[in-house]
Structure formats: C-alpha cells, structure tokens
>>> print(open('work23.tsv').read())   # TSV, C-alpha atoms
chain	number	residue	atom	x	y	z
A	121	MET	CA	14.56	-12.43	-52.94
A	122	ASN	CA	13.63	-16.01	-51.97
A	123	HIS	CA	10.10	-17.23	-51.23
A	124	PHE	CA	10.57	-17.19	-47.43
A	125	SER	CA	11.75	-13.56	-47.20
A	126	TYR	CA	9.11	-12.43	-49.73
A	127	ARG	CA	6.37	-13.99	-47.60
A	128	ASN	CA	7.73	-12.22	-44.48
A	129	VAL	CA	7.69	-8.86	-46.26
A	130	LEU	CA	4.06	-9.42	-47.29
A	131	LEU	CA	3.13	-10.20	-43.67
A	132	LEU	CA	4.88	-7.07	-42.37
A	133	LEU	CA	3.14	-4.91	-45.00
A	134	ALA	CA	-0.21	-6.43	-44.08
A	135	ALA	CA	0.37	-5.69	-40.39
A	136	LEU	CA	1.37	-2.11	-41.20
A	137	LEU	CA	-1.80	-1.56	-43.26
A	138	VAL	CA	-3.90	-2.90	-40.39
A	139	CYS	CA	-2.30	-0.42	-38.01
A	140	LEU	CA	-2.74	2.46	-40.42
A	141	ALA	CA	-6.38	1.51	-40.78
A	142	GLY	CA	-6.75	2.11	-37.04
A	143	THR	CA	-7.58	-1.36	-35.72
A	144	ALA	CA	-6.48	-0.61	-32.18
A	145	PRO	CA	-6.53	-4.13	-30.70
A	146	LEU	CA	-3.64	-5.27	-32.95
A	147	CYS	CA	-1.56	-2.12	-32.74
A	148	HIS	CA	-2.11	-0.92	-29.20
A	149	GLY	CA	-3.50	-3.88	-27.30
A	150	GLU	CA	-7.13	-4.68	-26.56
A	151	GLU	CA	-7.07	-2.86	-23.23
A	152	SER	CA	-6.46	0.68	-24.49
A	153	LYS	CA	-8.95	3.33	-25.56
A	154	GLU	CA	-8.78	6.56	-27.56
A	155	ILE	CA	-10.24	9.54	-25.68
A	156	VAL	CA	-10.55	13.16	-26.81
A	157	ALA	CA	-10.22	15.80	-24.08
A	158	THR	CA	-9.55	19.52	-23.75
A	159	GLY	CA	-7.40	21.11	-21.06
A	160	MET	CA	-6.83	24.70	-19.90
A	161	GLY	CA	-3.82	26.54	-18.49
A	162	GLY	CA	-2.89	30.05	-17.41
A	163	GLY	CA	0.22	32.19	-16.88
A	164	ASP	CA	3.02	32.82	-19.32
A	165	ARG	CA	2.59	31.12	-22.68
A	166	ALA	CA	5.02	28.22	-22.26
A	167	LYS	CA	3.85	27.41	-18.72
A	168	ALA	CA	0.18	27.76	-19.72
A	169	ARG	CA	0.62	25.34	-22.62
A	170	ASP	CA	2.26	22.73	-20.37
A	171	GLU	CA	-0.53	23.13	-17.82
A	172	ALA	CA	-3.18	22.80	-20.52
A	173	ILE	CA	-1.65	19.55	-21.82
A	174	SER	CA	-1.42	18.13	-18.30
A	175	ASP	CA	-5.03	19.14	-17.63
A	176	ALA	CA	-6.17	17.47	-20.86
A	177	LEU	CA	-4.32	14.26	-19.98
A	178	ARG	CA	-5.93	14.22	-16.54
A	179	LYS	CA	-9.37	14.71	-18.07
A	180	ALA	CA	-8.74	11.89	-20.53
A	181	VAL	CA	-7.85	9.60	-17.62
A	182	GLU	CA	-10.91	10.81	-15.70
A	183	GLN	CA	-13.09	9.72	-18.61
A	184	GLY	CA	-11.38	6.33	-18.54
A	185	VAL	CA	-11.94	6.01	-14.79
A	186	GLY	CA	-15.61	6.87	-15.32
A	187	THR	CA	-16.00	3.55	-17.14
A	188	TYR	CA	-15.39	1.69	-13.88
A	189	ILE	CA	-16.80	4.01	-11.22
A	190	THR	CA	-20.12	2.78	-9.80
A	191	SER	CA	-22.71	4.11	-7.37
A	192	SER	CA	-21.14	1.93	-4.65
A	193	THR	CA	-17.76	3.67	-4.92
A	194	THR	CA	-16.99	5.13	-1.51
A	195	VAL	CA	-15.62	8.56	-0.62
A	196	GLU	CA	-12.43	6.89	0.61
A	197	GLN	CA	-12.01	5.07	-2.70
A	198	MET	CA	-12.51	8.31	-4.64
A	199	MET	CA	-9.85	9.97	-2.49
A	200	LEU	CA	-7.52	7.11	-3.38
A	201	VAL	CA	-8.34	7.65	-7.07
A	202	GLU	CA	-7.44	11.31	-6.62
A	203	ASP	CA	-4.10	10.49	-4.98
A	204	ARG	CA	-3.01	7.42	-6.92
A	205	ILE	CA	-4.44	7.93	-10.41
A	206	TYR	CA	-5.31	11.51	-11.26
A	207	SER	CA	-2.09	12.85	-9.72
A	208	GLU	CA	-0.12	10.43	-11.93
A	209	SER	CA	-2.32	10.65	-15.03
A	210	ARG	CA	0.61	10.58	-17.48
A	211	GLY	CA	1.43	7.08	-16.28
A	212	PHE	CA	-1.88	5.80	-17.69
A	213	VAL	CA	-1.54	7.48	-21.11
A	214	GLU	CA	0.26	5.39	-23.73
A	215	SER	CA	0.44	8.23	-26.29
A	216	TYR	CA	-1.36	11.40	-27.32
A	217	ASP	CA	-1.69	13.77	-30.29
A	218	ILE	CA	-2.51	17.48	-30.12
A	219	LEU	CA	-5.57	18.13	-32.30
A	220	SER	CA	-5.72	21.90	-31.75
A	221	GLU	CA	-4.50	24.65	-29.47
A	222	SER	CA	-5.46	28.27	-28.93
A	223	GLU	CA	-4.93	31.22	-26.61
A	224	LYS	CA	-7.53	33.78	-25.58
A	225	ASP	CA	-7.62	36.32	-22.73
A	226	GLY	CA	-4.59	34.77	-21.05
A	227	VAL	CA	-6.06	31.24	-21.08
A	228	TYR	CA	-4.40	28.55	-23.18
A	229	ALA	CA	-6.54	25.66	-24.45
A	230	VAL	CA	-5.25	22.37	-25.87
A	231	LYS	CA	-7.38	19.62	-27.37
A	232	ILE	CA	-5.79	16.17	-27.47
A	233	ARG	CA	-6.55	12.65	-28.58
A	234	ALA	CA	-5.04	10.33	-25.97
A	235	ARG	CA	-4.71	6.57	-25.88
A	236	VAL	CA	-5.45	5.56	-22.30
A	237	SER	CA	-4.34	2.20	-20.91
A	238	MET	CA	-7.66	0.85	-19.65
A	239	GLY	CA	-6.06	-2.38	-18.44
A	240	LYS	CA	-3.64	-0.48	-16.22
A	241	LEU	CA	-6.46	1.74	-14.94
A	242	LYS	CA	-8.59	-1.29	-14.16
A	243	ASP	CA	-5.74	-2.94	-12.25
A	244	GLU	CA	-5.12	0.20	-10.20
A	245	LEU	CA	-8.81	0.73	-9.45
A	246	ALA	CA	-9.11	-2.90	-8.45
A	247	ALA	CA	-6.13	-2.46	-6.13
A	248	ILE	CA	-7.78	0.54	-4.49
A	249	GLY	CA	-11.21	-0.94	-3.92
A	250	ILE	CA	-10.69	-4.66	-3.63
A	251	ILE	CA	-7.36	-5.36	-1.97
A	252	MET	CA	-8.41	-4.23	1.51
A	253	LYS	CA	-11.61	-6.25	1.24
A	254	LYS	CA	-9.69	-9.34	0.12
A	255	LYS	CA	-7.28	-8.81	3.00
A	256	LEU	CA	-10.34	-8.69	5.32
A	257	ASN	CA	-9.91	-4.96	6.06
A	258	PRO	CA	-6.90	-5.24	8.39
A	259	ARG	CA	-6.84	-2.91	11.38
A	260	VAL	CA	-3.85	-0.69	12.07
A	261	MET	CA	-2.34	0.63	15.29
A	262	VAL	CA	-0.01	3.65	15.08
A	263	ILE	CA	2.57	4.13	17.82
A	264	VAL	CA	4.75	7.27	17.78
A	265	ARG	CA	7.65	7.68	20.17
A	266	SER	CA	9.74	10.83	20.60
A	267	ARG	CA	13.23	10.92	22.05
A	268	ALA	CA	14.27	14.50	22.65
A	269	ASP	CA	17.48	15.91	24.08
A	270	SER	CA	17.17	17.49	27.53
A	271	ARG	CA	18.14	20.82	25.92
A	272	ASP	CA	15.20	20.61	23.51
A	273	PHE	CA	12.10	22.78	23.77
A	274	PRO	CA	9.87	21.86	26.74
A	275	GLY	CA	7.06	19.49	25.87
A	276	PHE	CA	8.39	18.38	22.49
A	277	ASP	CA	8.31	14.69	23.49
A	278	HIS	CA	4.56	14.84	24.05
A	279	GLU	CA	3.61	17.43	21.43
A	280	GLY	CA	5.82	15.94	18.71
A	281	SER	CA	4.43	12.45	19.25
A	282	ARG	CA	0.82	13.59	19.36
A	283	SER	CA	0.99	15.78	16.24
A	284	ALA	CA	2.81	13.11	14.19
A	285	GLU	CA	0.41	10.38	15.35
A	286	ASN	CA	-2.65	12.47	14.50
A	287	LEU	CA	-1.19	13.26	11.07
A	288	ILE	CA	-0.36	9.64	10.20
A	289	GLU	CA	-3.71	8.33	11.46
A	290	SER	CA	-5.61	10.97	9.48
A	291	MET	CA	-3.69	10.08	6.31
A	292	MET	CA	-4.37	6.37	6.78
A	293	LEU	CA	-8.08	6.92	7.44
A	294	ALA	CA	-8.30	9.01	4.26
A	295	LYS	CA	-6.75	6.10	2.34
A	296	GLY	CA	-9.38	3.69	3.64
A	297	PHE	CA	-7.33	1.94	6.34
A	298	ARG	CA	-9.13	0.91	9.53
A	299	LEU	CA	-7.60	1.96	12.85
A	300	VAL	CA	-8.00	0.21	16.18
A	301	ASP	CA	-10.07	2.02	18.78
A	302	ALA	CA	-8.40	5.36	19.43
A	303	GLY	CA	-9.37	5.01	23.10
A	304	GLN	CA	-6.68	2.43	23.75
A	305	THR	CA	-4.29	5.07	25.11
A	306	ALA	CA	-3.03	2.96	28.00
A	307	ARG	CA	-2.28	0.05	25.70
A	308	LYS	CA	-0.43	2.31	23.30
A	309	ARG	CA	1.70	3.58	26.17
A	310	ARG	CA	2.59	0.01	27.12
A	311	LEU	CA	3.57	-0.70	23.52
A	312	ALA	CA	5.61	2.49	23.28
A	313	ALA	CA	7.41	1.61	26.51
A	314	MET	CA	8.20	-1.86	25.16
A	315	LEU	CA	9.56	-0.48	21.88
A	316	THR	CA	11.58	2.23	23.63
A	317	GLY	CA	13.05	-0.20	26.17
A	318	ARG	CA	14.62	-3.56	25.55
A	319	GLY	CA	11.55	-5.22	24.11
A	320	SER	CA	11.80	-6.56	20.58
A	321	ALA	CA	9.70	-5.46	17.62
A	322	ASN	CA	8.38	-9.04	17.39
A	323	ALA	CA	7.14	-8.92	20.98
A	324	ALA	CA	5.54	-5.53	20.36
A	325	ALA	CA	3.85	-6.89	17.23
A	326	LYS	CA	2.42	-9.77	19.28
A	327	MET	CA	1.08	-7.33	21.86
A	328	ALA	CA	-0.48	-5.17	19.12
A	329	LYS	CA	-2.14	-8.34	17.77
A	330	ASP	CA	-3.60	-9.01	21.21
A	331	PHE	CA	-5.03	-5.48	21.11
A	332	GLY	CA	-6.82	-6.30	17.84
A	333	ALA	CA	-4.38	-4.82	15.30
A	334	GLU	CA	-3.18	-6.72	12.23
A	335	ILE	CA	-0.63	-4.02	11.32
A	336	LEU	CA	1.61	-2.10	13.72
A	337	VAL	CA	3.03	1.19	12.46
A	338	ASP	CA	5.98	2.04	14.68
A	339	VAL	CA	7.34	5.59	14.39
A	340	GLU	CA	10.41	6.87	16.23
A	341	ILE	CA	11.24	10.59	16.32
A	342	LYS	CA	14.71	11.50	17.50
A	343	ARG	CA	16.00	15.01	18.14
A	344	GLN	CA	19.73	15.30	18.87
A	345	PHE	CA	21.56	18.42	19.99
A	346	VAL	CA	24.16	19.79	17.54
A	347	ASP	CA	25.26	23.17	18.88
A	348	ASN	CA	24.11	26.64	19.88
A	349	ARG	CA	23.85	29.22	17.10
A	350	ASN	CA	23.41	32.96	17.19
A	351	ILE	CA	20.04	33.95	15.73
A	352	LEU	CA	19.28	37.70	15.74
A	353	GLY	CA	21.56	38.22	18.71
A	354	ARG	CA	20.17	35.31	20.72
A	355	SER	CA	21.74	31.92	21.34
A	356	MET	CA	19.47	29.12	20.12
A	357	PRO	CA	20.06	25.36	20.37
A	358	PHE	CA	19.98	23.48	17.07
A	359	PHE	CA	18.98	19.82	16.71
A	360	THR	CA	18.94	17.16	14.03
A	361	ASN	CA	15.47	15.79	13.21
A	362	ASP	CA	15.29	12.07	12.44
A	363	VAL	CA	12.09	10.12	11.78
A	364	ARG	CA	12.09	6.34	11.36
A	365	MET	CA	8.94	4.43	10.39
A	366	LYS	CA	8.18	0.71	10.18
A	367	ALA	CA	5.03	-1.23	9.29
A	368	ILE	CA	4.92	-4.73	10.80
A	369	GLU	CA	2.38	-7.49	10.22
A	370	THR	CA	1.50	-8.42	13.79
A	371	ASP	CA	0.56	-12.03	13.06
A	372	SER	CA	3.76	-13.06	11.31
A	373	ALA	CA	6.10	-10.19	12.37
A	374	ARG	CA	6.70	-9.67	8.63
A	375	LEU	CA	8.24	-6.27	7.90
A	376	LEU	CA	6.09	-4.55	5.26
A	377	TYR	CA	7.94	-1.24	5.20
A	378	SER	CA	10.96	0.47	6.71
A	379	GLY	CA	11.87	4.10	5.99
A	380	PHE	CA	14.00	6.88	7.42
A	381	LYS	CA	14.10	10.66	6.91
A	382	THR	CA	16.52	13.17	8.36
A	383	THR	CA	16.64	16.93	7.95
A	384	PRO	CA	19.45	19.47	8.48
A	385	PRO	CA	19.85	20.87	11.99
A	386	SER	CA	17.10	23.31	12.98
A	387	GLY	CA	16.08	25.50	15.87
A	388	GLY	CA	12.43	26.51	16.12
A	389	ASN	CA	9.32	24.97	14.55
A	390	ALA	CA	10.48	21.45	15.38
A	391	THR	CA	6.95	20.02	15.17
A	392	GLY	CA	6.42	21.31	11.63
A	393	ILE	CA	9.74	19.87	10.44
A	394	VAL	CA	8.96	16.47	11.96
A	395	GLU	CA	5.45	16.46	10.42
A	396	THR	CA	6.93	17.08	6.94
A	397	SER	CA	9.16	14.01	7.27
A	398	ALA	CA	6.34	11.93	8.79
A	399	ARG	CA	4.02	12.86	5.92
A	400	LYS	CA	6.54	11.72	3.28
A	401	LEU	CA	7.24	8.47	5.10
A	402	ALA	CA	3.54	7.79	5.64
A	403	ARG	CA	2.86	8.10	1.90
A	404	GLU	CA	5.73	5.71	1.12
A	405	MET	CA	4.58	3.31	3.84
A	406	MET	CA	0.96	3.13	2.63
A	407	ASP	CA	2.06	2.58	-0.96
A	408	ALA	CA	4.44	-0.18	0.15
A	409	VAL	CA	1.77	-1.90	2.28
A	410	LEU	CA	-0.82	-1.76	-0.53
A	411	GLU	CA	1.74	-3.06	-3.02
A	412	GLN	CA	2.59	-5.97	-0.73
A	413	TRP	CA	-1.10	-6.70	-0.19
A	414	LYS	CA	-1.64	-6.63	-3.94
A	415	LYS	CA	1.01	-9.35	-4.26
A	416	ASP	CA	-0.60	-11.31	-1.41
A	417	VAL	CA	-4.00	-11.17	-3.12
A	418	TYR	CA	-3.03	-11.80	-6.72
A	419	GLN	CA	-0.01	-14.02	-6.21
A	420	ALA	CA	0.57	-17.02	-3.96
A	421	GLY	CA	0.88	-15.65	-0.43
A	422	THR	CA	2.38	-17.07	2.75
A	423	PHE	CA	0.00	-18.07	5.55
A	424	ARG	CA	0.18	-19.90	8.86
A	425	ILE	CA	-2.03	-22.77	9.95
A	426	GLU	CA	-2.11	-23.45	13.69
A	427	VAL	CA	-3.16	-27.05	14.30
A	428	LYS	CA	-4.50	-27.94	17.75
A	429	ASN	CA	-5.07	-31.38	19.38
A	430	ALA	CA	-3.20	-33.45	16.79
A	431	ASP	CA	-0.78	-36.28	17.51
A	432	PHE	CA	2.04	-36.96	15.05
A	433	ALA	CA	0.16	-39.51	12.96
A	434	LYS	CA	-2.93	-37.32	12.70
A	435	LEU	CA	-0.81	-34.28	11.86
A	436	ASN	CA	0.75	-36.15	8.94
A	437	ARG	CA	-2.71	-37.04	7.61
A	438	ILE	CA	-3.79	-33.40	7.93
A	439	ILE	CA	-0.68	-32.14	6.14
A	440	ALA	CA	-1.24	-34.62	3.31
A	441	ALA	CA	-4.84	-33.39	2.92
A	442	ILE	CA	-3.70	-29.74	2.96
A	443	LYS	CA	-1.17	-30.41	0.20
A	444	ASP	CA	-3.99	-31.75	-2.01
A	445	LEU	CA	-6.05	-28.53	-1.76
A	446	ARG	CA	-6.52	-26.49	-4.94
A	447	GLY	CA	-4.24	-23.44	-5.01
A	448	MET	CA	-1.91	-24.86	-2.37
A	449	GLY	CA	1.86	-24.59	-2.74
A	450	PRO	CA	4.61	-25.86	-0.42
A	451	VAL	CA	3.66	-26.80	3.16
A	452	HIS	CA	6.33	-26.56	5.89
A	453	THR	CA	6.14	-27.58	9.54
A	454	ARG	CA	7.66	-24.78	11.58
A	455	SER	CA	7.11	-26.45	14.96
A	456	PHE	CA	5.33	-29.36	16.63
A	457	ALA	CA	5.06	-29.86	20.40
A	458	GLY	CA	2.37	-30.95	22.85
A	459	LYS	CA	-0.11	-31.89	20.12
A	460	GLU	CA	0.13	-28.39	18.63
A	461	ALA	CA	1.73	-27.62	15.28
A	462	ASP	CA	2.59	-24.46	13.41
A	463	LEU	CA	2.49	-24.85	9.62
A	464	GLU	CA	3.64	-22.35	7.00
A	465	VAL	CA	1.92	-22.67	3.63
A	466	SER	CA	1.95	-20.93	0.26
A	467	PHE	CA	-1.60	-20.43	-1.06
A	468	GLN	CA	-3.12	-18.69	-4.09
A	469	GLY	CA	-5.97	-16.71	-2.50
A	470	ASN	CA	-6.90	-14.79	0.62
A	471	LEU	CA	-7.36	-15.91	4.22
A	472	ASN	CA	-11.11	-16.54	3.88
A	473	GLU	CA	-10.55	-18.66	0.79
A	474	LEU	CA	-7.87	-20.68	2.58
A	475	ALA	CA	-10.17	-21.24	5.56
A	476	THR	CA	-12.99	-22.33	3.25
A	477	ARG	CA	-10.75	-24.89	1.57
A	478	LEU	CA	-9.49	-26.15	4.94
A	479	SER	CA	-13.05	-26.56	6.22
A	480	GLY	CA	-13.53	-29.26	3.59
A	481	ILE	CA	-10.94	-31.52	5.26
A	482	LYS	CA	-12.83	-34.07	7.36
A	483	ASP	CA	-10.11	-34.44	10.01
A	484	ILE	CA	-10.16	-30.78	11.11
A	485	GLU	CA	-12.49	-27.95	12.14
A	486	VAL	CA	-11.65	-24.29	11.46
A	487	THR	CA	-11.87	-22.44	14.80
A	488	GLY	CA	-10.24	-19.04	14.16
A	489	LEU	CA	-9.00	-16.46	11.67
A	490	ALA	CA	-6.61	-13.58	12.35
A	491	GLY	CA	-4.22	-11.66	10.13
A	492	THR	CA	-2.53	-14.35	8.04
A	493	THR	CA	-3.30	-17.26	10.36
A	494	VAL	CA	-6.01	-19.92	10.31
A	495	THR	CA	-6.47	-21.92	13.50
A	496	VAL	CA	-7.85	-25.46	13.15
A	497	GLU	CA	-8.75	-28.15	15.66
A	498	ALA	CA	-8.17	-31.81	14.87
A	499	ARG	CA	-11.39	-33.77	15.23
A	500	ASP	CA	-11.47	-36.67	17.66
A	501	SER	CA	-11.27	-40.06	15.96
A	502	LYS	CA	-14.54	-42.01	15.99
>>> encode(input="work23.tsv", output="structure tokens")
Amino acid sequence: MNHFSYRNVLLLLAALLVCLAGTAPLCHGEESKEIVATGMGGGDRAKARDEAISDALRKAVEQGVGTYITSSTTVEQMMLVEDRIYSESRGFVESYDILSESEKDGVYAVKIRARVSMGKLKDELAAIGIIMKKKLNPRVMVIVRSRADSRDFPGFDHEGSRSAENLIESMMLAKGFRLVDAGQTARKRRLAAMLTGRGSANAAAKMAKDFGAEILVDVEIKRQFVDNRNILGRSMPFFTNDVRMKAIETDSARLLYSGFKTTPPSGGNATGIVETSARKLAREMMDAVLEQWKKDVYQAGTFRIEVKNADFAKLNRIIAAIKDLRGMGPVHTRSFAGKEADLEVSFQGNLNELATRLSGIKDIEVTGLAGTTVTVEARDSK
C-alpha cells in the first residue's frame, strides 16, 4: 500500500469514528435534530403498529415545529402547518430507530428516536408564513362558470357554480389567501360572461385587476349528456362531469396553474361529484401558486416597470440607472410609444424592495405598485 492510499484509509477511518461517536453535524448535516417521541395505534396488531409509528413520527415533527412557532403565529398559519407539514411528517424525517414497543388493552405503543430535518422544516414554515407577506398579500378573485346540457337537472348551472365557488373560496381563506370583496357579484357576472363568450383570458385578467384582484382563479364546470340508463326501473340521464381550473396573475397574465379533472358518467348527486373534483384541483392550485411565489421571493423574479413621461433619451438614462441597481438582472424594453415605456426586468427581491431601489434613481419618482408592476414617472429636467 503506497503512502497516498494509506493516508486516504486513515482519513476514512477517522470520519467513521466521528460518526460513530455521534457528532451529528458531520454525519447528518448541521440542520437536523434527534427527537424522541412515542406514538399510539389501535386495531389489529399490524395496523396498530403502523399507526403507532406514524403517530410517533408526527409527534417528532411537531416537536421540531415547536422550535419555530411563536406567539404571533396566526390561526391560518397553524392550519397550513396542519395541512402541509403534519400530514406529510415522514417527508421531514431523515431516519428513525425504534427504541421500544408494547401492546396493552388493544393499544399499541411505539417509542422512536427520529432525526428530523430542521432545515427543511424551517424552509417550509418560512414558506407558509412569509411568502404571502413578501408578495404583499395578493388578493384573489374566484370565478366559477357552469355549462350544463339542457337535459341536465334544473338549476344545476346556478347551484353547481355557487357550491363550487363557496368551496374553493373557503379553502383559500383557510390557507391564508385574501379574497376580493365578496359583494362584487355584478362584476363577477361580467367576468364570467367574458370568459364564457369570446373574450380572452388575458382580457378577463385585466378586468379582474381593475376590480382589485392580483390573482384570478377561473373555474369551468361542464356537464355533457351521455345517454339514458335504467335505474331501478326508471330512465335517468347520465352526464360526464368535467372541471377545469386556472390561476392567472392579473398583472402579467402569467399562468400560475392549469388543471383538469373528469369523472365517469353519473346521474344524481351532480353537485357532490363536481365538489370532489373542485376540492382536488383547488389543493393542487394553491400548492402550485405558493410554490411559484416561493420561487419569486427567493429567486430572481420577473417584474414590469411602467415608465411615464419619458422621451427616448431620458428613457435610455433611466434604463442605464436601473441596470446598475443591486439585485437587478436583465432589463428588456417591451414597448415604447407616446413617452410611455413598458420594461420587463429580472430582480432578486419582492415588489416593495424593487420599488425602494427604484426610488433612489434621481430621474424618476415611484407613483404606483400593483401585482408585479411598479409605475414610475420621469422627473422634469431642471
């Protein structure tokens, strides 16, 4: 064995001894923590044992979450913790060992020592509580449209839309999303008519923005006749049940989510079937929106800068100053006409931070913020 390979062996042995000695930062990463927890389960022995292990893992994660929970944690945030962390507790456990297990009076108990990924927990908790704040708590408008066959049950168009809309809005409120004033019924009808007719999704998004919404959730429910089937001696029409959902950023018309669910043909209980599909899509949609917002907050995001009252020479000076800002990426001119320009920029930070940086440019004044857009006015030359 030569000197080089002998030295490598010594280093590997030293690392192994360190791990066996239990120095967690080298073996498991500095952002993990060992937690001992006990879980309970009931039923037949095999099922009870599985339940007890799952319960113990959840409790270990709960202890980890407790490290970050503060008195300012809101009810909505805790509900998000329940949905996004506790329900997926295994995803935050790197490994675990069973220390003991027992069974008494039909209850199975398992004690474990789990290594919980505190870094992953911290990231997820930060996503829950901070992302919406960094995105300036965007407001959401939900529009649900039903298209039912003339042979469908009377009133499904109205009842199906209302029940699905109430369900989706309730789910979003529970997740901490802000909704535009529910009293804007007439405006919602105008939007629904535009989406149902020949109007484009981009035009509808612009209208939703004018109504004060940064996100438009567009839901289309379609029931289509298949055939008549004999049910207990009676002829009953059967219909397919399709639900399509989109989430659109009203300022940029960026598509944040698009999903579709269809179910086998059915007769009665159409509203319940549609609600089941809407619930699944709504969960997917909220996860997709939060994931996109997480990228916007922690990675360089795309923003628009509307420049008013700038001739071509002044616009070039403004663009040059914008390019020099800290955290600024590429700057592109999307349009320029009549002393008004539309710029697209890549910036590491949120809208408020971008506006703050822009306010330091002497040639412009920040006059508005909305969605992903900062509006600035070129100052008159002195």
>>> atom_distance(input="work23.tsv", atom1="CA of Ile351 in chain A", atom2="CA of Phe380 in chain A")
29.0 Å
>>> residues_around(input="work23.tsv", residues="Met261 in chain A", least_positions_apart="6", cutoff="7 Å", atoms="all atoms listed in the file", output="ChimeraX atom specification")
/A:299-300,333,335-337
>>> closest_residue(input="work23.tsv", among="A:Leu471, A:Leu245, A:Val363, A:Val227", to="Ile341 in chain A", atoms="only C-alpha atoms")
A:Val363
>>> closest_residue(input="work23.tsv", among="A:Asp371, A:Glu154, A:Asp164, A:Glu404", to="Arg233 in chain A", atoms="only C-alpha atoms")
A:Glu154
>>> atom_distance(input="work23.tsv", atom1="CA of Gln468 in chain A", atom2="CA of Asp444 in chain A")
13.3 Å
>>> atom_distance(input="work23.tsv", atom1="CA of Arg235 in chain A", atom2="CA of Thr187 in chain A")
14.6 Å
>>> closest_residue(input="work23.tsv", among="A:Lys255, A:Arg499, A:Lys434, A:Arg454", to="Gly421 in chain A", atoms="all atoms listed in the file")
A:Lys255
>>> build_atoms(input="work23.tsv", residues="range 456-468 of chain A", atoms="N, CA and C atoms", output="PDB file, in the coordinates of the input")
ATOM      1  N   PHE A 456       6.313 -28.383  16.167  1.00  0.00           N
ATOM      2  CA  PHE A 456       5.330 -29.360  16.630  1.00  0.00           C
ATOM      3  C   PHE A 456       5.702 -29.773  18.043  1.00  0.00           C
ATOM      4  N   ALA A 457       4.801 -29.504  18.997  1.00  0.00           N
ATOM      5  CA  ALA A 457       5.060 -29.860  20.400  1.00  0.00           C
ATOM      6  C   ALA A 457       3.733 -29.882  21.139  1.00  0.00           C
ATOM      7  N   GLY A 458       3.568 -30.891  22.020  1.00  0.00           N
ATOM      8  CA  GLY A 458       2.370 -30.950  22.850  1.00  0.00           C
ATOM      9  C   GLY A 458       1.083 -30.997  22.064  1.00  0.00           C
ATOM     10  N   LYS A 459       1.073 -31.740  20.980  1.00  0.00           N
ATOM     11  CA  LYS A 459      -0.110 -31.890  20.120  1.00  0.00           C
ATOM     12  C   LYS A 459      -0.535 -30.589  19.435  1.00  0.00           C
ATOM     13  N   GLU A 460       0.395 -29.638  19.350  1.00  0.00           N
ATOM     14  CA  GLU A 460       0.130 -28.390  18.630  1.00  0.00           C
ATOM     15  C   GLU A 460       1.224 -28.172  17.589  1.00  0.00           C
ATOM     16  N   ALA A 461       0.780 -27.815  16.377  1.00  0.00           N
ATOM     17  CA  ALA A 461       1.730 -27.620  15.280  1.00  0.00           C
ATOM     18  C   ALA A 461       1.533 -26.254  14.639  1.00  0.00           C
ATOM     19  N   ASP A 462       2.620 -25.739  14.121  1.00  0.00           N
ATOM     20  CA  ASP A 462       2.590 -24.460  13.410  1.00  0.00           C
ATOM     21  C   ASP A 462       3.072 -24.717  11.985  1.00  0.00           C
ATOM     22  N   LEU A 463       2.168 -24.587  11.021  1.00  0.00           N
ATOM     23  CA  LEU A 463       2.490 -24.850   9.620  1.00  0.00           C
ATOM     24  C   LEU A 463       2.603 -23.539   8.850  1.00  0.00           C
ATOM     25  N   GLU A 464       3.528 -23.497   7.914  1.00  0.00           N
ATOM     26  CA  GLU A 464       3.640 -22.350   7.000  1.00  0.00           C
ATOM     27  C   GLU A 464       3.321 -22.864   5.601  1.00  0.00           C
ATOM     28  N   VAL A 465       2.363 -22.194   4.943  1.00  0.00           N
ATOM     29  CA  VAL A 465       1.920 -22.670   3.630  1.00  0.00           C
ATOM     30  C   VAL A 465       1.931 -21.523   2.628  1.00  0.00           C
ATOM     31  N   SER A 466       2.071 -21.880   1.366  1.00  0.00           N
ATOM     32  CA  SER A 466       1.950 -20.930   0.260  1.00  0.00           C
ATOM     33  C   SER A 466       0.623 -21.231  -0.431  1.00  0.00           C
ATOM     34  N   PHE A 467      -0.250 -20.197  -0.537  1.00  0.00           N
ATOM     35  CA  PHE A 467      -1.600 -20.430  -1.060  1.00  0.00           C
ATOM     36  C   PHE A 467      -1.998 -19.305  -1.989  1.00  0.00           C
ATOM     37  N   GLN A 468      -2.628 -19.665  -3.111  1.00  0.00           N
ATOM     38  CA  GLN A 468      -3.120 -18.690  -4.090  1.00  0.00           C
ATOM     39  C   GLN A 468      -4.541 -18.289  -3.687  1.00  0.00           C
TER      40      GLN A 468
END
